[in-house]
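Beneath this line is the structure, given in structure tokens, with notes to follow.
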There are 2 protein chains.
Amino acid sequence: MPVSDLAALRAALAEAPGPDAAARAAAAARDATLTKPPGALGRLEALALWWCGWRGVARGRLERPQIVVFAGDHGVAARGVSAFPSAVTAQMVANFEAGGAAINQLAAALGARLDVVALDVGRPTADFTEGPAMTHAEFLASLSAGWDAVDPDADLLIPGEMGIGNTTAAAAVAAALFGGEPAAWVGRGTGVDDRGLAAKAETVAAGLTRHGAALGDPLEALRRLGGRELAAMAGAVAAARARRVPVILDGFIATAAVAPLAQAAPGALDHCLAGHRSAEAGHGRLLSALGLDPVLDLGLRLGEGSGAAAAALILKAALACHDGMATFAEAGVSGG
Amino acid sequence: MPVSDLAALRAALAEAPGPDAAARAAAAARDATLTKPPGALGRLEALALWWCGWRGVARGRLERPQIVVFAGDHGVAARGVSAFPSAVTAQMVANFEAGGAAINQLAAALGARLDVVALDVGRPTADFTEGPAMTHAEFLASLSAGWDAVDPDADLLIPGEMGIGNTTAAAAVAAALFGGEPAAWVGRGTGVDDRGLAAKAETVAAGLTRHGAALGDPLEALRRLGGRELAAMAGAVAAARARRVPVILDGFIATAAVAPLAQAAPGALDHCLAGHRSAEAGHGRLLSALGLDPVLDLGLRLGEGSGAAAAALILKAALACHDGMATFAEAGVSGG
């Protein structure tokens, strides 16, 4: 469905079903019978129960994971906030389509479908220090593109992104939502030097000043400071929430993109797991603000959905254990 | 080869080749050309370079990983140190052979060969509070069983274990090697209550007192306080070192089992990566003592090689990225 207006999006989130408590309880009951000491698989057990609850099953396997990489260009990229030129966004889209990027290899390792959605790449959003990054129409179109990109039959969604300049947009959104100094939210991104880092902080500060009180509405903050690929990730995660498709979040940009949903509709991110803690400076802070506990902490800072895809390998293994292990009774093993 | 005597084992470790520095440099050079910002894949890059160095290649895929689960019974199990009866060791060996355990599912997820080596299961070692756990002949036979279990064509080794009572043996070995109070090395294992935990600390203390100065020799400490599956893991890791097969270590027991090698021959564990930090209390302390930085921290405490197998999924994905990604030149992407 297209996201016709923000009231419809808020309503869809408000009406979205929660996890299936009975299915989760059945999954927990099965877990208790498996041939291992109770709790001995640690987080793997929690991952399996989380997924079973959202899928509404007592057991199952990850069979149709979907990764969608959304790409967009940013007006603020002209302000010296990235180590790479804007042309790289389009070049990387071609690389995704040719199978040459990290996310292609990770998707293959996971057995995931990989979709690439380029959102007017080559035509940057407006520089948010001068005005809203997107018009209302552009924002709704981007949300809709994200919503529509989700495979209704997916049993896991990983939203990823590519967009030169987008750590600056993400930092601006995070600062607008959670407060704090711009310098606390900006990081090295693809590898900027100290001058680039200072330019990022200045750009975020200028954006906050320019938009002022309008940023009090979280979705409006996303429209004014975010970007098309950020809005699309928010739309995709909202669609997944409405359809009870569990989501693994990637790094700083993906997390910042969906944070406005949590503020706009309590529980909007209940179906989301944090795949990893990125090396990007603001990510740990953002995860804490959202109450998310990452599965992995491997110093990744690539985006594309890469950290979430790595975490999904752990989820897949967790589900294989939960579904494939023998029970104490089946194996004739004495209980504790 | 059989480990005919400990001098031969020490000599094999002393003569073992290190990683191939030229291959590692070639792998690093390739990494620098791949379509990502330098360092953006974080630990995944380090994992790929580590493996390439030990395999002597500039790039490659994980194609023949081997998991070996060694099983043994322990005299100290009669001292109330486990939540499960000793009979469970043999029952779990049958479960491994039938494909019903967690490690079977994880091996399948990894595409790994899984071997199970039962070492006189049902005939416990001697109670180490009364005398050495193993005779010299038993110790050499266990080391040899481990050495011989390693597939010479494996491109990764994961030694796992099963043995009711073996967290107590591992704690005793760790305390003998690194000092500190027994209470700092014992943990809940499969889930003992406070009484069981106290029994573990008392058992370790009694073992340290009983064997005294003889524990100054690390391999002798392993013979006196360890167990057959611990000795076999040490033998397997030594064989892997001699053949330049990289190893991912599992949890507390696997790490304690191979720690004597590091003290007996400097560099003996240079080919080992810590797969995870276990929930077992002494594991973090042991990893720190050995200077190992775990890949995962997921609260596992199962053994069987399970945490190492989960980490190997990350290694496999890291190698897929390193081998499969396009270079900037191949993809026509502008460098930073």
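Residues in the structure tokens are numbered from 1 in each chain, the chains being A, B, ... in the order shown, and ligands are numbered from 1 in the order shown.
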
Could you name the residues that touch region 26-32 of chain B at 6 Å or less, counting only C-alpha atoms, but leaving out those on the same chain fewer than 2 positions away, as a PyMOL selection string?
chain B and resi 23-24+34+49+58

Mind running chain B against chain A at 6 Å and telling me each contacting residue's nearest atom pair with the distance in Å (one decimal), counting only C-alpha atoms, chain and number ascending, as a Markdown table?
| residue | atom | partner | partner_atom | distance |
| --- | --- | --- | --- | --- |
| B:Pro37 | CA | A:Thr190 | CA | 5.5 |
| B:Ala40 | CA | A:Arg301 | CA | 4.8 |
| B:Leu41 | CA | A:Leu300 | CA | 4.8 |
| B:Gly42 | CA | A:Leu300 | CA | 4.6 |
| B:Arg43 | CA | A:Leu298 | CA | 5.2 |
| B:Ala83 | CA | A:Gly336 | CA | 5.5 |
| B:Phe84 | CA | A:Gly336 | CA | 4.7 |
| B:Gln91 | CA | A:Val333 | CA | 5.4 |
| B:Asn95 | CA | A:Ala331 | CA | 5.9 |
| B:Gly100 | CA | A:Ala326 | CA | 4.5 |
| B:Ala101 | CA | A:Met325 | CA | 5.3 |
| B:Ala102 | CA | A:Cys321 | CA | 5.4 |
| B:Gln105 | CA | A:Cys321 | CA | 5.4 |
| B:Thr190 | CA | A:Pro37 | CA | 5.5 |
| B:Leu298 | CA | A:Arg43 | CA | 5.2 |
| B:Gly299 | CA | A:Gly42 | CA | 4.6 |
| B:Leu300 | CA | A:Gly42 | CA | 4.6 |
| B:Arg301 | CA | A:Ala40 | CA | 4.8 |
| B:Leu302 | CA | A:Ala40 | CA | 4.9 |
| B:Ala320 | CA | A:Gln105 | CA | 5.8 |
| B:Cys321 | CA | A:Gln105 | CA | 5.4 |
| B:Met325 | CA | A:Gly100 | CA | 4.8 |
| B:Ala326 | CA | A:Gly100 | CA | 4.5 |
| B:Ala331 | CA | A:Asn95 | CA | 5.9 |
| B:Val333 | CA | A:Gln91 | CA | 5.4 |
| B:Gly336 | CA | A:Phe84 | CA | 4.7 |

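Of the residues under consideration (A:Gly165, A:Pro152, A:Gly282, A:Pro65), A:Gly165 shows the shortest atom-to-atom contact distance to Val81 (chain A) when counting only C-alpha atoms.
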
9 Å contact set for region 254-266 of chain B, only C-alpha atoms, chain neighbours under 3 positions out, as an NGL selection string
:B and (10-11 or 13-14 or 159-161 or 169-171 or 173-174 or 177 or 217-222 or 226-227 or 229-235 or 237-238 or 249-251 or 269-270 or 274 or 283 or 286-287 or 290 or 303 or 305)

Let's see if you can do this: from backbone DSSP, list all alpha helix (DSSP H) residues in region 45-132 of chain B, as a short mmCIF file (atom, residue, chain, number, x, y, z; two decimals) with N, CA, C and O atoms, in the first residue's frame.
data_model
loop_
_atom_site.label_atom_id
_atom_site.label_comp_id
_atom_site.auth_asym_id
_atom_site.auth_seq_id
_atom_site.Cartn_x
_atom_site.Cartn_y
_atom_site.Cartn_z
N GLU B 45 37.46 -8.19 8.82
CA GLU B 45 38.71 -8.07 8.07
C GLU B 45 39.85 -8.78 8.81
O GLU B 45 40.65 -9.50 8.21
N ALA B 46 39.89 -8.58 10.12
CA ALA B 46 40.94 -9.20 10.92
C ALA B 46 40.82 -10.73 10.87
O ALA B 46 41.83 -11.45 10.80
N LEU B 47 39.59 -11.23 10.91
CA LEU B 47 39.38 -12.68 10.84
C LEU B 47 39.88 -13.24 9.52
O LEU B 47 40.53 -14.29 9.47
N ALA B 48 39.57 -12.55 8.44
CA ALA B 48 39.99 -13.03 7.12
C ALA B 48 41.51 -13.05 7.02
O ALA B 48 42.10 -14.03 6.52
N LEU B 49 42.16 -12.00 7.50
CA LEU B 49 43.62 -11.95 7.42
C LEU B 49 44.27 -13.02 8.29
O LEU B 49 45.28 -13.63 7.91
N TRP B 50 43.71 -13.22 9.46
CA TRP B 50 44.21 -14.27 10.37
C TRP B 50 44.17 -15.64 9.69
O TRP B 50 45.16 -16.37 9.66
N TRP B 51 43.04 -15.95 9.11
CA TRP B 51 42.88 -17.26 8.46
C TRP B 51 43.79 -17.39 7.25
O TRP B 51 44.45 -18.42 7.06
N CYS B 52 43.85 -16.35 6.43
CA CYS B 52 44.70 -16.40 5.23
C CYS B 52 46.17 -16.61 5.62
O CYS B 52 46.87 -17.39 4.96
N GLY B 53 46.62 -15.94 6.67
CA GLY B 53 48.00 -16.11 7.10
C GLY B 53 48.31 -17.55 7.48
O GLY B 53 49.31 -18.13 7.05
N TRP B 54 47.44 -18.14 8.26
CA TRP B 54 47.68 -19.52 8.70
C TRP B 54 47.51 -20.51 7.56
O TRP B 54 48.20 -21.53 7.51
N ARG B 55 46.63 -20.22 6.61
CA ARG B 55 46.46 -21.13 5.47
C ARG B 55 47.48 -20.87 4.37
O ARG B 55 47.60 -21.67 3.45
N ALA B 87 26.10 -40.63 33.86
CA ALA B 87 25.53 -41.39 32.75
C ALA B 87 25.22 -40.51 31.55
O ALA B 87 25.15 -40.99 30.40
N VAL B 88 25.04 -39.22 31.80
CA VAL B 88 24.69 -38.30 30.71
C VAL B 88 25.81 -38.17 29.68
O VAL B 88 25.55 -37.93 28.50
N THR B 89 27.06 -38.39 30.10
CA THR B 89 28.15 -38.29 29.12
C THR B 89 27.93 -39.30 27.99
O THR B 89 27.94 -38.93 26.80
N ALA B 90 27.71 -40.56 28.35
CA ALA B 90 27.50 -41.59 27.32
C ALA B 90 26.20 -41.33 26.56
O ALA B 90 26.13 -41.54 25.33
N GLN B 91 25.18 -40.87 27.25
CA GLN B 91 23.90 -40.59 26.58
C GLN B 91 24.07 -39.47 25.55
O GLN B 91 23.49 -39.51 24.47
N MET B 92 24.87 -38.48 25.91
CA MET B 92 25.08 -37.38 24.96
C MET B 92 25.97 -37.81 23.79
O MET B 92 25.79 -37.33 22.67
N VAL B 93 26.89 -38.72 24.03
CA VAL B 93 27.68 -39.25 22.90
C VAL B 93 26.73 -39.91 21.90
O VAL B 93 26.83 -39.70 20.68
N ALA B 94 25.78 -40.68 22.42
CA ALA B 94 24.78 -41.30 21.53
C ALA B 94 23.96 -40.23 20.81
O ALA B 94 23.63 -40.37 19.63
N ASN B 95 23.64 -39.17 21.51
CA ASN B 95 22.88 -38.06 20.91
C ASN B 95 23.69 -37.38 19.80
O ASN B 95 23.15 -37.04 18.74
N PHE B 96 25.00 -37.18 20.04
CA PHE B 96 25.86 -36.62 18.98
C PHE B 96 25.84 -37.53 17.76
O PHE B 96 25.76 -37.08 16.62
N GLU B 97 25.95 -38.83 18.02
CA GLU B 97 26.03 -39.78 16.90
C GLU B 97 24.70 -39.88 16.16
O GLU B 97 24.68 -40.15 14.95
N ALA B 98 23.62 -39.61 16.86
CA ALA B 98 22.29 -39.65 16.22
C ALA B 98 21.91 -38.31 15.60
O ALA B 98 20.88 -38.22 14.92
N ALA B 102 22.93 -29.88 20.02
CA ALA B 102 23.11 -28.53 19.46
C ALA B 102 24.25 -28.50 18.46
O ALA B 102 24.15 -27.90 17.39
N ILE B 103 25.36 -29.19 18.78
CA ILE B 103 26.52 -29.11 17.89
C ILE B 103 26.23 -29.74 16.54
O ILE B 103 26.81 -29.31 15.52
N ASN B 104 25.33 -30.71 16.49
CA ASN B 104 24.97 -31.28 15.19
C ASN B 104 24.31 -30.22 14.30
O ASN B 104 24.58 -30.14 13.11
N GLN B 105 23.42 -29.43 14.91
CA GLN B 105 22.71 -28.41 14.13
C GLN B 105 23.69 -27.32 13.70
O GLN B 105 23.63 -26.81 12.57
N LEU B 106 24.61 -26.96 14.60
CA LEU B 106 25.57 -25.90 14.28
C LEU B 106 26.56 -26.37 13.23
O LEU B 106 26.96 -25.60 12.35
N ALA B 107 26.96 -27.64 13.31
CA ALA B 107 27.86 -28.19 12.28
C ALA B 107 27.20 -28.15 10.92
O ALA B 107 27.83 -27.79 9.91
N ALA B 108 25.92 -28.49 10.88
CA ALA B 108 25.20 -28.45 9.61
C ALA B 108 25.10 -27.03 9.09
O ALA B 108 25.28 -26.77 7.89
N ALA B 109 24.83 -26.07 9.99
CA ALA B 109 24.74 -24.67 9.57
C ALA B 109 26.06 -24.18 8.99
O ALA B 109 26.09 -23.38 8.06
N LEU B 110 27.15 -24.68 9.55
CA LEU B 110 28.49 -24.26 9.12
C LEU B 110 28.97 -25.03 7.89
O LEU B 110 29.87 -24.59 7.19
#

Contact residues around Ala118 (chain B) with only C-alpha atoms at 7 Å, ignoring same-chain residues under 3 positions, as number ranges by chain
B: 70-72, 121

Written selection (C-alpha atoms) as a PDB file, in the first residue's frame:
ATOM      1  CA  PHE B  70      35.850 -35.356  22.653  1.00  0.00           C
ATOM      2  CA  ALA B  71      34.022 -37.050  25.518  1.00  0.00           C
ATOM      3  CA  GLY B  72      35.262 -38.406  28.821  1.00  0.00           C
ATOM      4  CA  VAL B 121      33.372 -43.052  28.455  1.00  0.00           C
TER       5      VAL B 121
END

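The spacing separating CA of Gly291 (chain A) from CA of Ala205 (chain A) amounts to 25.4 Å.
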
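CA of Arg64 (chain A) sits 25.5 Å away from CA of Leu9 (chain A).
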